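Pasted below: final_38.csv, CSV, C-alpha atoms.
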chain,number,residue,atom,x,y,z
T,1,MET,CA,98.9,81.7,81.0
T,2,PHE,CA,98.8,79.9,84.4
T,3,ASN,CA,97.3,76.6,83.5
T,4,LEU,CA,96.6,74.5,86.6
T,5,LYS,CA,96.3,70.8,86.0
T,6,LYS,CA,95.0,68.3,88.5
T,7,LYS,CA,98.1,66.2,88.6
T,8,HIS,CA,100.1,69.3,89.6
T,9,LEU,CA,98.0,70.1,92.5
T,10,ILE,CA,99.8,67.9,95.0
T,11,ARG,CA,103.1,69.3,93.8
T,12,TYR,CA,101.8,72.9,94.3
T,13,ALA,CA,100.4,72.0,97.8
T,14,ALA,CA,103.7,70.5,98.8
T,15,PHE,CA,105.5,73.6,97.6
T,16,ALA,CA,103.1,75.9,99.5
T,17,LEU,CA,103.6,73.7,102.6
T,18,ALA,CA,107.4,74.0,102.3
T,19,LEU,CA,107.1,77.8,102.0
T,20,ILE,CA,105.0,77.9,105.2
T,21,LEU,CA,107.6,75.8,107.0
T,22,ALA,CA,110.4,78.1,105.7
T,23,ALA,CA,108.4,81.1,106.9
T,24,GLY,CA,107.9,79.5,110.3
T,25,LEU,CA,111.7,78.8,110.5
T,26,ILE,CA,112.5,82.5,110.1
T,27,SER,CA,111.5,83.3,113.7
T,28,VAL,CA,113.7,80.4,114.9
T,29,ILE,CA,116.8,81.4,112.9
T,30,LYS,CA,116.3,85.1,113.3
T,31,SER,CA,118.3,85.5,116.5
T,32,PRO,CA,121.4,83.4,115.6
T,33,SER,CA,121.4,84.9,112.1
T,34,LEU,CA,121.4,88.4,113.4
T,35,ASN,CA,124.4,87.6,115.6
T,36,ILE,CA,126.3,86.4,112.6
T,37,LEU,CA,125.1,89.3,110.4
T,38,SER,CA,126.2,91.8,113.1
T,39,ILE,CA,129.8,91.3,111.8
T,40,PRO,CA,129.2,92.4,108.1
T,41,LEU,CA,126.7,95.0,109.3
T,42,GLY,CA,129.4,96.5,111.6
T,43,ILE,CA,132.0,96.5,108.9
T,44,PHE,CA,129.6,98.1,106.3
T,45,THR,CA,128.6,100.8,108.8
T,46,LEU,CA,132.2,101.6,109.6
T,47,ILE,CA,133.0,101.9,105.9
T,48,LYS,CA,129.9,104.0,105.4
T,49,ASN,CA,130.8,106.4,108.3
T,50,GLU,CA,134.4,106.7,107.2
T,51,SER,CA,133.5,107.4,103.6
T,52,ALA,CA,130.9,109.9,104.7
T,53,GLY,CA,133.6,111.6,106.8
T,54,LEU,CA,135.8,112.0,103.7
T,55,ILE,CA,133.0,113.1,101.3
T,56,PHE,CA,131.6,115.7,103.7
T,57,TYR,CA,135.0,116.9,104.9
T,58,HIS,CA,134.3,120.6,104.3
T,59,ARG,CA,130.8,120.5,105.8
T,60,ASN,CA,132.2,118.7,108.9
T,61,MET,CA,134.9,121.3,109.3
T,62,VAL,CA,132.4,124.2,109.2
T,63,GLN,CA,130.2,122.3,111.6
T,64,ARG,CA,133.0,121.7,114.0
T,65,GLN,CA,133.8,125.4,114.1
T,66,ARG,CA,130.1,126.2,114.8
T,67,LEU,CA,129.9,123.5,117.5
T,68,SER,CA,133.0,124.6,119.3
T,69,ASN,CA,131.4,128.0,119.6
T,70,GLU,CA,128.3,126.4,120.8
T,71,VAL,CA,130.2,124.3,123.4
T,72,MET,CA,131.6,127.5,125.0
T,73,PHE,CA,128.1,128.9,125.2
T,74,LEU,CA,126.7,125.7,126.6
T,75,LYS,CA,129.4,125.4,129.2
T,76,LYS,CA,128.2,128.7,130.7
T,77,THR,CA,124.6,127.6,130.5
T,78,LEU,CA,125.5,124.3,132.2
T,79,ASN,CA,127.2,126.1,135.0
T,80,ASP,CA,124.1,128.1,135.6
T,81,ALA,CA,121.9,125.0,135.4
T,82,ASN,CA,124.2,123.2,137.9
T,83,GLU,CA,123.8,126.1,140.3
T,84,ALA,CA,120.0,125.8,139.9
T,85,LEU,CA,120.2,122.0,140.4
T,86,ILE,CA,122.2,122.3,143.6
T,87,GLU,CA,119.7,124.8,144.9
T,88,ASN,CA,116.8,122.6,143.8
T,89,ASN,CA,118.3,119.5,145.6
T,90,ARG,CA,118.9,121.5,148.7
T,91,LEU,CA,115.3,122.8,148.7
T,92,LYS,CA,113.9,119.4,148.0
T,93,LYS,CA,115.8,117.9,150.9
T,94,LEU,CA,114.5,120.7,153.1
T,95,LEU,CA,110.9,119.8,152.0
T,96,SER,CA,111.6,116.0,152.5
T,97,PHE,CA,110.7,115.2,148.9
T,98,LYS,CA,111.2,111.6,147.7
T,99,GLN,CA,114.2,111.5,145.4
T,100,ASN,CA,113.7,109.4,142.2
T,101,SER,CA,116.6,107.1,141.7
T,102,ALA,CA,118.5,108.0,138.5
T,103,PHE,CA,118.4,105.3,135.9
T,104,ARG,CA,121.4,103.4,134.7
T,105,VAL,CA,122.1,103.6,131.0
T,106,LEU,CA,124.1,101.4,128.6
T,107,ALA,CA,125.6,102.8,125.4
T,108,ALA,CA,125.4,101.0,122.1
T,109,ARG,CA,126.3,101.6,118.5
T,110,VAL,CA,123.8,101.5,115.6
T,111,ILE,CA,124.9,98.9,113.1
T,112,GLY,CA,121.9,98.6,110.8
T,113,ARG,CA,118.5,99.9,109.8
T,114,SER,CA,115.3,98.2,108.8
T,115,PRO,CA,115.5,97.4,105.1
T,116,ASP,CA,111.9,98.2,104.3
T,117,ASN,CA,109.9,101.4,104.1
T,118,TRP,CA,107.0,100.2,106.3
T,119,SER,CA,108.9,100.3,109.6
T,120,GLN,CA,111.4,102.5,111.3
T,121,ALA,CA,113.8,100.4,113.3
T,122,VAL,CA,117.6,100.2,113.9
T,123,THR,CA,119.8,97.3,114.9
T,124,ILE,CA,122.4,97.9,117.7
T,125,ASP,CA,125.5,96.0,118.6
T,126,LYS,CA,124.4,95.1,122.2
T,127,GLY,CA,122.1,92.3,123.1
T,128,SER,CA,121.0,90.1,126.0
T,129,ALA,CA,124.6,89.3,126.8
T,130,SER,CA,124.9,93.0,127.9
T,131,GLY,CA,121.8,92.9,129.9
T,132,ILE,CA,119.3,94.3,127.4
T,133,LYS,CA,115.7,93.0,127.5
T,134,LYS,CA,112.7,93.4,125.4
T,135,GLY,CA,110.7,96.5,126.2
T,136,TYR,CA,113.6,98.7,127.5
T,137,THR,CA,113.5,102.4,126.6
T,138,VAL,CA,116.1,103.8,124.3
T,139,ILE,CA,117.3,107.4,124.4
T,140,ASN,CA,120.3,109.5,123.5
T,141,TYR,CA,121.6,112.7,124.9
T,142,LEU,CA,119.0,114.8,123.1
T,143,GLY,CA,115.8,112.8,123.9
T,144,LEU,CA,113.7,109.8,123.3
T,145,VAL,CA,114.7,107.3,120.6
T,146,GLY,CA,112.4,104.3,120.9
T,147,ARG,CA,111.9,100.9,122.5
T,148,VAL,CA,113.7,97.6,122.3
T,149,ILE,CA,111.5,95.1,120.5
T,150,GLU,CA,113.8,92.1,119.7
T,151,VAL,CA,116.9,90.9,121.5
T,152,SER,CA,119.5,88.3,120.5
T,153,ALA,CA,122.7,87.6,122.3
T,154,GLN,CA,124.8,90.2,120.5
T,155,THR,CA,122.3,92.5,118.9
T,156,SER,CA,119.0,94.1,119.6
T,157,LYS,CA,116.3,95.8,117.4
T,158,ILE,CA,114.9,99.1,118.4
T,159,LEU,CA,111.6,100.4,117.1
T,160,LEU,CA,112.0,104.1,116.6
T,161,ILE,CA,109.4,106.7,117.7
T,162,SER,CA,109.0,107.6,114.0
T,163,ASP,CA,107.3,104.2,113.5
T,164,PRO,CA,103.5,104.3,113.5
T,165,GLY,CA,103.5,101.1,115.5
T,166,LEU,CA,104.9,102.9,118.6
T,167,GLY,CA,102.7,105.2,120.6
T,168,VAL,CA,104.1,107.2,123.6
T,169,SER,CA,101.9,109.0,126.0
T,170,SER,CA,103.3,112.5,126.2
T,171,ILE,CA,102.5,116.0,127.6
T,172,VAL,CA,103.1,119.5,126.6
T,173,GLN,CA,105.8,120.7,129.0
T,174,ARG,CA,104.4,124.2,129.4
T,175,SER,CA,100.6,123.5,129.7
T,176,ARG,CA,100.8,119.8,130.9
T,177,GLN,CA,98.3,118.9,128.1
T,178,GLU,CA,98.3,115.2,127.5
T,179,GLY,CA,98.3,113.4,124.1
T,180,LEU,CA,99.6,110.3,122.2
T,181,VAL,CA,102.7,110.7,120.1
T,182,THR,CA,103.1,108.3,117.2
T,183,GLY,CA,105.4,108.1,114.2
T,184,THR,CA,104.5,108.9,110.6
T,185,LEU,CA,107.3,107.0,108.8
T,186,SER,CA,108.9,110.4,108.0
T,187,SER,CA,111.0,113.0,109.8
T,188,SER,CA,108.1,114.3,111.9
T,189,LEU,CA,105.9,112.8,114.6
T,190,ILE,CA,102.2,113.4,115.3
T,191,MET,CA,100.5,114.1,118.6
T,192,ARG,CA,96.9,113.0,118.6
T,193,TYR,CA,93.9,112.9,120.9
T,194,LEU,CA,94.3,116.5,122.0
T,195,PRO,CA,91.1,118.2,123.0
T,196,LYS,CA,89.8,120.9,120.7
T,197,ASP,CA,90.6,123.6,123.2
T,198,ALA,CA,94.0,122.2,124.1
T,199,ASP,CA,96.7,124.7,125.2
T,200,ILE,CA,99.4,123.9,122.7
T,201,ALA,CA,101.4,126.3,120.5
T,202,ILE,CA,104.2,126.2,118.0
T,203,ALA,CA,107.7,125.7,119.6
T,204,ASP,CA,106.2,124.0,122.7
T,205,THR,CA,108.3,121.2,124.1
T,206,ILE,CA,106.8,117.7,124.3
T,207,VAL,CA,108.0,115.3,127.0
T,208,THR,CA,107.0,111.8,128.0
T,209,SER,CA,104.2,111.7,130.6
T,210,GLY,CA,105.3,108.5,132.3
T,211,LEU,CA,102.0,106.8,131.6
T,212,THR,CA,103.4,104.4,128.9
T,213,ALA,CA,105.0,101.4,130.5
T,214,ASN,CA,108.8,101.6,130.8
T,215,PHE,CA,109.0,105.2,129.5
T,216,PRO,CA,110.2,107.4,132.4
T,217,LYS,CA,108.5,110.7,132.8
T,218,GLY,CA,110.1,113.9,131.4
T,219,LEU,CA,112.1,112.5,128.5
T,220,ILE,CA,112.2,115.1,125.7
T,221,VAL,CA,110.3,113.9,122.6
T,222,GLY,CA,110.5,117.0,120.4
T,223,ALA,CA,109.0,120.4,119.7
T,224,VAL,CA,105.7,121.4,118.1
T,225,ILE,CA,106.1,122.7,114.5
T,226,ASP,CA,102.4,122.8,113.5
T,227,THR,CA,99.0,122.3,114.9
T,228,GLY,CA,95.6,121.5,113.2
T,229,GLU,CA,92.2,120.1,113.7
T,230,GLU,CA,91.4,116.4,113.0
T,231,PHE,CA,89.2,115.7,110.0
T,232,SER,CA,86.3,114.7,112.4
T,233,GLY,CA,86.5,118.2,114.0
T,234,LEU,CA,86.3,116.6,117.4
T,235,SER,CA,90.0,116.9,118.4
T,236,LYS,CA,93.2,118.6,117.6
T,237,TYR,CA,96.6,117.2,116.5
T,238,ALA,CA,100.1,118.6,116.5
T,239,ILE,CA,103.1,117.9,114.2
T,240,ILE,CA,106.3,117.4,116.2
T,241,LYS,CA,109.9,117.6,115.1
T,242,PRO,CA,111.7,114.9,117.1
T,243,ALA,CA,114.5,116.2,119.4
T,244,VAL,CA,116.7,113.4,118.1
T,245,ASN,CA,117.8,113.2,114.5
T,246,LEU,CA,116.4,109.7,113.9
T,247,SER,CA,117.8,109.3,110.4
T,248,GLY,CA,121.3,110.0,111.4
T,249,LEU,CA,121.4,108.0,114.6
T,250,GLU,CA,124.8,106.5,115.4
T,251,GLU,CA,124.9,105.9,119.1
T,252,VAL,CA,122.1,105.3,121.6
T,253,LEU,CA,121.6,104.8,125.3
T,254,ILE,CA,119.4,102.0,126.7
T,255,ILE,CA,117.8,102.7,130.0
T,256,ILE,CA,118.3,99.7,132.3
T,257,PRO,CA,115.6,99.9,135.0
M,1,MET,CA,130.4,79.2,89.9
M,2,ARG,CA,128.9,82.2,88.3
M,3,LYS,CA,125.5,81.3,89.8
M,4,TRP,CA,127.0,81.4,93.3
M,5,ARG,CA,128.3,84.9,92.6
M,6,ILE,CA,124.7,86.1,92.2
M,7,LEU,CA,123.9,84.8,95.7
M,8,ILE,CA,127.0,86.6,97.1
M,9,LEU,CA,125.8,89.8,95.4
M,10,PHE,CA,122.4,89.4,96.9
M,11,PHE,CA,123.9,89.0,100.4
M,12,ILE,CA,126.0,92.2,99.9
M,13,LEU,CA,123.0,94.1,98.6
M,14,ALA,CA,121.0,93.0,101.7
M,15,ILE,CA,123.7,94.4,104.0
M,16,ALA,CA,124.0,97.5,101.9
M,17,GLN,CA,120.2,97.9,102.2
M,18,SER,CA,120.6,98.1,106.0
M,19,THR,CA,123.6,100.4,105.9
M,20,PHE,CA,124.6,102.4,102.8
M,21,ILE,CA,121.2,102.8,101.2
M,22,GLN,CA,120.0,104.6,104.3
M,23,GLY,CA,122.1,107.6,103.2
M,24,PHE,CA,119.9,107.8,100.1
M,25,ARG,CA,116.7,108.5,101.9
M,26,PHE,CA,114.2,110.7,100.0
M,27,MET,CA,111.1,111.8,101.9
M,28,GLY,CA,111.9,109.2,104.4
M,29,LEU,CA,112.0,106.4,101.8
M,30,THR,CA,114.7,104.2,100.5
M,31,PRO,CA,114.8,102.1,97.3
M,32,ASP,CA,114.1,98.4,98.0
M,33,LEU,CA,117.2,96.5,96.8
M,34,MET,CA,115.8,93.2,98.1
M,35,ILE,CA,112.7,93.4,95.8
M,36,ILE,CA,115.1,94.2,92.9
M,37,CYS,CA,117.0,90.9,93.9
M,38,ALA,CA,113.7,89.0,93.7
M,39,ILE,CA,112.9,90.4,90.3
M,40,ILE,CA,116.5,89.7,89.0
M,41,SER,CA,116.1,86.1,90.3
M,42,GLY,CA,113.1,85.8,88.1
M,43,LEU,CA,114.7,87.4,85.1
M,44,VAL,CA,118.1,85.6,85.3
M,45,PHE,CA,117.0,82.1,86.4
M,46,THR,CA,113.9,82.0,84.2
M,47,PHE,CA,114.4,78.3,83.3
M,48,ASP,CA,116.4,77.2,86.4
M,49,PHE,CA,113.7,76.5,89.0
M,50,LYS,CA,116.1,75.5,91.8
M,51,TRP,CA,118.3,78.5,91.6
M,52,LEU,CA,115.3,80.7,91.1
M,53,ILE,CA,113.8,79.6,94.4
M,54,GLY,CA,117.1,79.5,96.1
M,55,ALA,CA,117.9,83.1,95.1
M,56,ALA,CA,114.4,84.4,96.0
M,57,LEU,CA,114.5,82.6,99.4
M,58,LEU,CA,117.9,84.0,100.2
M,59,SER,CA,116.9,87.6,99.6
M,60,ALA,CA,113.5,87.0,101.3
M,61,SER,CA,115.0,85.5,104.4
M,62,LEU,CA,117.7,88.2,104.7
M,63,LYS,CA,115.0,90.8,104.5
M,64,ASP,CA,112.9,89.0,107.1
M,65,ILE,CA,115.9,88.7,109.5
M,66,LEU,CA,116.9,92.3,109.1
M,67,SER,CA,113.5,93.9,109.4
M,68,VAL,CA,110.8,93.9,112.1
M,69,ASN,CA,107.8,92.9,110.1
M,70,TYR,CA,105.4,89.9,110.4
M,71,PHE,CA,107.3,86.6,110.5
M,72,GLY,CA,108.3,85.1,107.2
M,73,LEU,CA,106.1,87.4,105.2
M,74,ASN,CA,108.8,88.1,102.6
M,75,ILE,CA,109.4,84.4,102.1
M,76,PHE,CA,105.9,84.1,100.5
M,77,LEU,CA,105.9,87.4,98.7
M,78,PHE,CA,109.4,87.1,97.2
M,79,VAL,CA,109.0,83.6,96.0
M,80,VAL,CA,105.6,84.5,94.4
M,81,ILE,CA,107.3,87.6,92.8
M,82,ALA,CA,110.3,85.6,91.4
M,83,LEU,CA,108.0,82.8,90.0
M,84,ALA,CA,105.6,85.3,88.4
M,85,VAL,CA,108.5,87.3,86.9
M,86,ALA,CA,110.1,84.1,85.5
M,87,ARG,CA,106.7,83.0,84.1
M,88,LEU,CA,106.1,86.4,82.5
M,89,SER,CA,109.6,86.4,81.1
M,90,ARG,CA,108.9,83.1,79.3
M,91,GLU,CA,105.7,84.6,77.7
M,92,ILE,CA,106.9,88.1,76.7
M,93,THR,CA,110.2,89.8,76.1
M,94,LEU,CA,111.4,91.7,79.2
M,95,ASP,CA,114.8,92.6,77.8
M,96,SER,CA,114.6,96.4,77.5
M,97,LEU,CA,115.3,98.5,80.6
M,98,PRO,CA,112.2,100.7,80.4
M,99,VAL,CA,110.0,97.5,80.4
M,100,GLN,CA,112.0,96.1,83.3
M,101,MET,CA,111.6,99.4,85.2
M,102,ALA,CA,107.8,99.4,84.6
M,103,LEU,CA,107.8,95.7,85.8
M,104,THR,CA,109.7,96.7,88.9
M,105,PHE,CA,107.2,99.5,89.6
M,106,CYS,CA,104.3,97.1,89.3
M,107,VAL,CA,106.0,94.4,91.4
M,108,CYS,CA,106.8,97.0,94.2
M,109,LEU,CA,103.2,98.2,94.1
M,110,PHE,CA,101.9,94.7,94.4
M,111,TYR,CA,104.4,94.0,97.3
M,112,ASN,CA,103.4,97.2,99.1
M,113,ILE,CA,99.6,96.5,98.7
M,114,ALA,CA,100.1,93.0,99.9
M,115,TYR,CA,102.0,94.3,102.9
M,116,ILE,CA,99.3,96.8,103.8
M,117,ILE,CA,96.6,94.2,103.5
M,118,ILE,CA,98.4,91.6,105.7
M,119,GLY,CA,99.4,94.4,108.1
M,120,ALA,CA,95.8,95.5,108.4
M,121,TYR,CA,94.6,91.9,108.9
M,122,LEU,CA,97.1,91.6,111.8
M,123,GLY,CA,95.9,94.8,113.4
M,124,SER,CA,98.6,97.3,112.3
M,125,PHE,CA,97.1,100.6,111.3
M,126,ILE,CA,98.8,102.9,108.7
M,127,SER,CA,97.1,106.1,107.6
M,128,PHE,CA,96.1,106.6,104.0
M,129,GLY,CA,98.5,109.4,103.5
M,130,MET,CA,101.4,107.3,104.6
M,131,VAL,CA,100.2,104.4,102.4
M,132,LEU,CA,100.1,106.6,99.3
M,133,ARG,CA,103.6,108.0,100.0
M,134,VAL,CA,105.3,104.8,100.7
M,135,ALA,CA,103.5,102.6,98.1
M,136,LEU,CA,103.7,105.0,95.2
M,137,LEU,CA,106.9,107.0,95.8
M,138,GLY,CA,108.7,104.0,97.2
M,139,SER,CA,107.9,102.0,94.1
M,140,VAL,CA,109.0,104.8,91.8
M,141,TYR,CA,112.3,105.2,93.7
M,142,THR,CA,112.9,101.4,93.5
M,143,ALA,CA,112.1,101.3,89.8
M,144,LEU,CA,114.5,104.2,89.1
M,145,LEU,CA,117.3,102.3,90.8
M,146,PHE,CA,116.6,99.0,89.0
M,147,PRO,CA,118.8,99.7,85.9
M,148,VAL,CA,121.8,100.4,88.1
M,149,ILE,CA,121.6,97.1,89.9
M,150,PHE,CA,120.7,95.2,86.7
M,151,ILE,CA,123.6,96.7,84.8
M,152,ALA,CA,125.9,95.8,87.7
M,153,VAL,CA,124.6,92.2,87.5
M,154,SER,CA,125.1,92.1,83.7
M,155,GLY,CA,128.6,93.7,84.1
M,156,MET,CA,129.6,90.9,86.4
M,157,GLY,CA,128.7,88.3,83.7
M,158,LEU,CA,125.6,87.2,85.7
M,159,ASP,CA,122.8,87.9,83.2
M,160,LYS,CA,120.6,85.2,81.6
M,161,ALA,CA,122.6,85.1,78.3
M,162,GLN,CA,125.9,84.5,80.1
M,163,LEU,CA,124.8,82.0,82.8

As structure tokens, what does this structure read like?
Amino acid sequence: MFNLKKKHLIRYAAFALALILAAGLISVIKSPSLNILSIPLGIFTLIKNESAGLIFYHRNMVQRQRLSNEVMFLKKTLNDANEALIENNRLKKLLSFKQNSAFRVLAARVIGRSPDNWSQAVTIDKGSASGIKKGYTVINYLGLVGRVIEVSAQTSKILLISDPGLGVSSIVQRSRQEGLVTGTLSSSLIMRYLPKDADIAIADTIVTSGLTANFPKGLIVGAVIDTGEEFSGLSKYAIIKPAVNLSGLEEVLIIIP
Amino acid sequence: MRKWRILILFFILAIAQSTFIQGFRFMGLTPDLMIICAIISGLVFTFDFKWLIGAALLSASLKDILSVNYFGLNIFLFVVIALAVARLSREITLDSLPVQMALTFCVCLFYNIAYIIIGAYLGSFISFGMVLRVALLGSVYTALLFPVIFIAVSGMGLDKAQL
């Protein structure tokens, strides 16, 4: 079927070379192209969000009612927490503890997602023009989201914690047991390298340990939903439900150190 | 002019892949519209080499720009896929939808396996369970969506017989 003749070899070689050049060009044109594509991406995302609002009108109405009840409950909880915080600060001052400076955050809107199934990444509408740099940590109000991996002038790409390529050193909030959280390309995360006798149980909260560069300590990663033993029998793993709904992410906060 | 329409359609599908299609996630997977574009390039521009390469390059470069994978990887894979589909289309009849769906499944599987091999070579590790889920289920999902896109292409007067 594929009959390769000698006289065609040069033509094929030239074609292959052109492909290599085109592939090399991608990294050059990626950043300006993303800036241009951010406009249609933004428009499509807007249409998508608006049509989802219309389609799921009833669900949103019920959810709104439930959330307003929750807000009232949370207001009371927040008030209690504020009281505890004021007390904590006062006691820290008394003990002359060093106060960690609070980090500055920058809000951005998600305008696109990675088109393939092999990576979990989102594109946001803020880039180097807004002060974002590669390696910055991304969160939202619920917890850890991921890390900035590519930056152009108007857009940035964020590798989500659900991507297997991103590992975050984390600890169990209750027992301070350390492990490495990585993504599974699905809705759950996995915490590996836990000792066989690790003190970890279902519903335990997992937070960042601060050992991974740029990830501040204490950011909520998620909650344990299952534990098990690794195939080798030498260590344990835990399945974690992320605190943030990564598939429905609309806005994020970038930590500016 | 009709040929240009197919490039515009590919552009819209690339943007839709990054936005609308994310709402159709099943087990964390989405159908790959861009591979469908590469296959359609091969099926529609079977005897038109320049447009075949142009259409495949457009879908490949858009996918490369919007994703976070190894640089220019899709440029190679998509052009190879489009050329292979065009060549196959000259040899055997690929007109019925079930055959096209089977072809899409095979192409997706080839693409995913190639992606895993290149990824492994470059040091990215993906566990076997994830590979099975993404490679098999992702390919089935894409194959199931193929008729919708192909019928849309034909409906716009962009299939092989009309071009």

Which chain T residues are at most 7 Å from chain M (counting all atoms listed in the file), as a compact mmCIF listing (two decimals) with C-alpha atoms, in the coordinates of the input?
# COMPACT_ATOMS: atom_id res chain seq x y z
CA LEU T 19 107.10 77.80 102.00
CA ALA T 23 108.40 81.10 106.90
CA GLY T 24 107.90 79.50 110.30
CA ILE T 26 112.50 82.50 110.10
CA SER T 27 111.50 83.30 113.70
CA LYS T 30 116.30 85.10 113.30
CA LEU T 34 121.40 88.40 113.40
CA LEU T 41 126.70 95.00 109.30
CA PHE T 44 129.60 98.10 106.30
CA THR T 45 128.60 100.80 108.80
CA LYS T 48 129.90 104.00 105.40
CA GLY T 112 121.90 98.60 110.80
CA ARG T 113 118.50 99.90 109.80
CA SER T 114 115.30 98.20 108.80
CA PRO T 115 115.50 97.40 105.10
CA ASP T 116 111.90 98.20 104.30
CA ASN T 117 109.90 101.40 104.10
CA PRO T 164 103.50 104.30 113.50
CA GLY T 165 103.50 101.10 115.50
CA THR T 184 104.50 108.90 110.60
CA LEU T 185 107.30 107.00 108.80
CA SER T 186 108.90 110.40 108.00
CA SER T 187 111.00 113.00 109.80

Practice task
Extract, using only C-alpha atoms, all DNA, RNA and protein residues at most 10 Å from T:Asp204, discarding same-chain residues fewer than 6 positions from it, and format them as a ChimeraX atom specification.
Solution key: /T:172-175,222-225,240

Exercise for the section: May I ask which of the residues M:Ile117, M:Ile81, M:Ile92, M:Ala152 is the closest one to M:Thr104, counting only C-alpha atoms? Expected result: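 For M:Thr104, the nearest of the candidates is M:Ile81.
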
Exercise for the section: Would you list the residues near (106.3, 99.4, 130.8), meaning any protein, DNA or RNA residue with an atom at most 9 Å from that point in file coordinates, counting all atoms listed in the file, as number ranges by chain? Expected result: T: 135-137, 211-215

Exercise for the section: Write out as number ranges by chain which residues come within 7 Å of T:Gln177 when counting all atoms listed in the file, dropping same-chain ones fewer than 4 positions away. Expected result: T: 171-172, 198-199

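Relative to atom CA of M:Cys37, atom CA of T:Gly42 is found at 22.3 Å.
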
Practice task
Would you mind reading off the distance between atom CA of M:Leu58 and atom CA of T:Asn49, one decimal, in Å?
Solution key: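 Result for atom CA of M:Leu58 versus atom CA of T:Asn49: 27.1 Å, one decimal.
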
Exercise for the section: Find the residues around T:Gly131 up to 10 Å (all atoms listed in the file counted), leave out those fewer than 2 positions away in its own chain, and share them as a PyMOL selection string. Expected result: chain T and resi 106+126-129+133+151+153+254+256
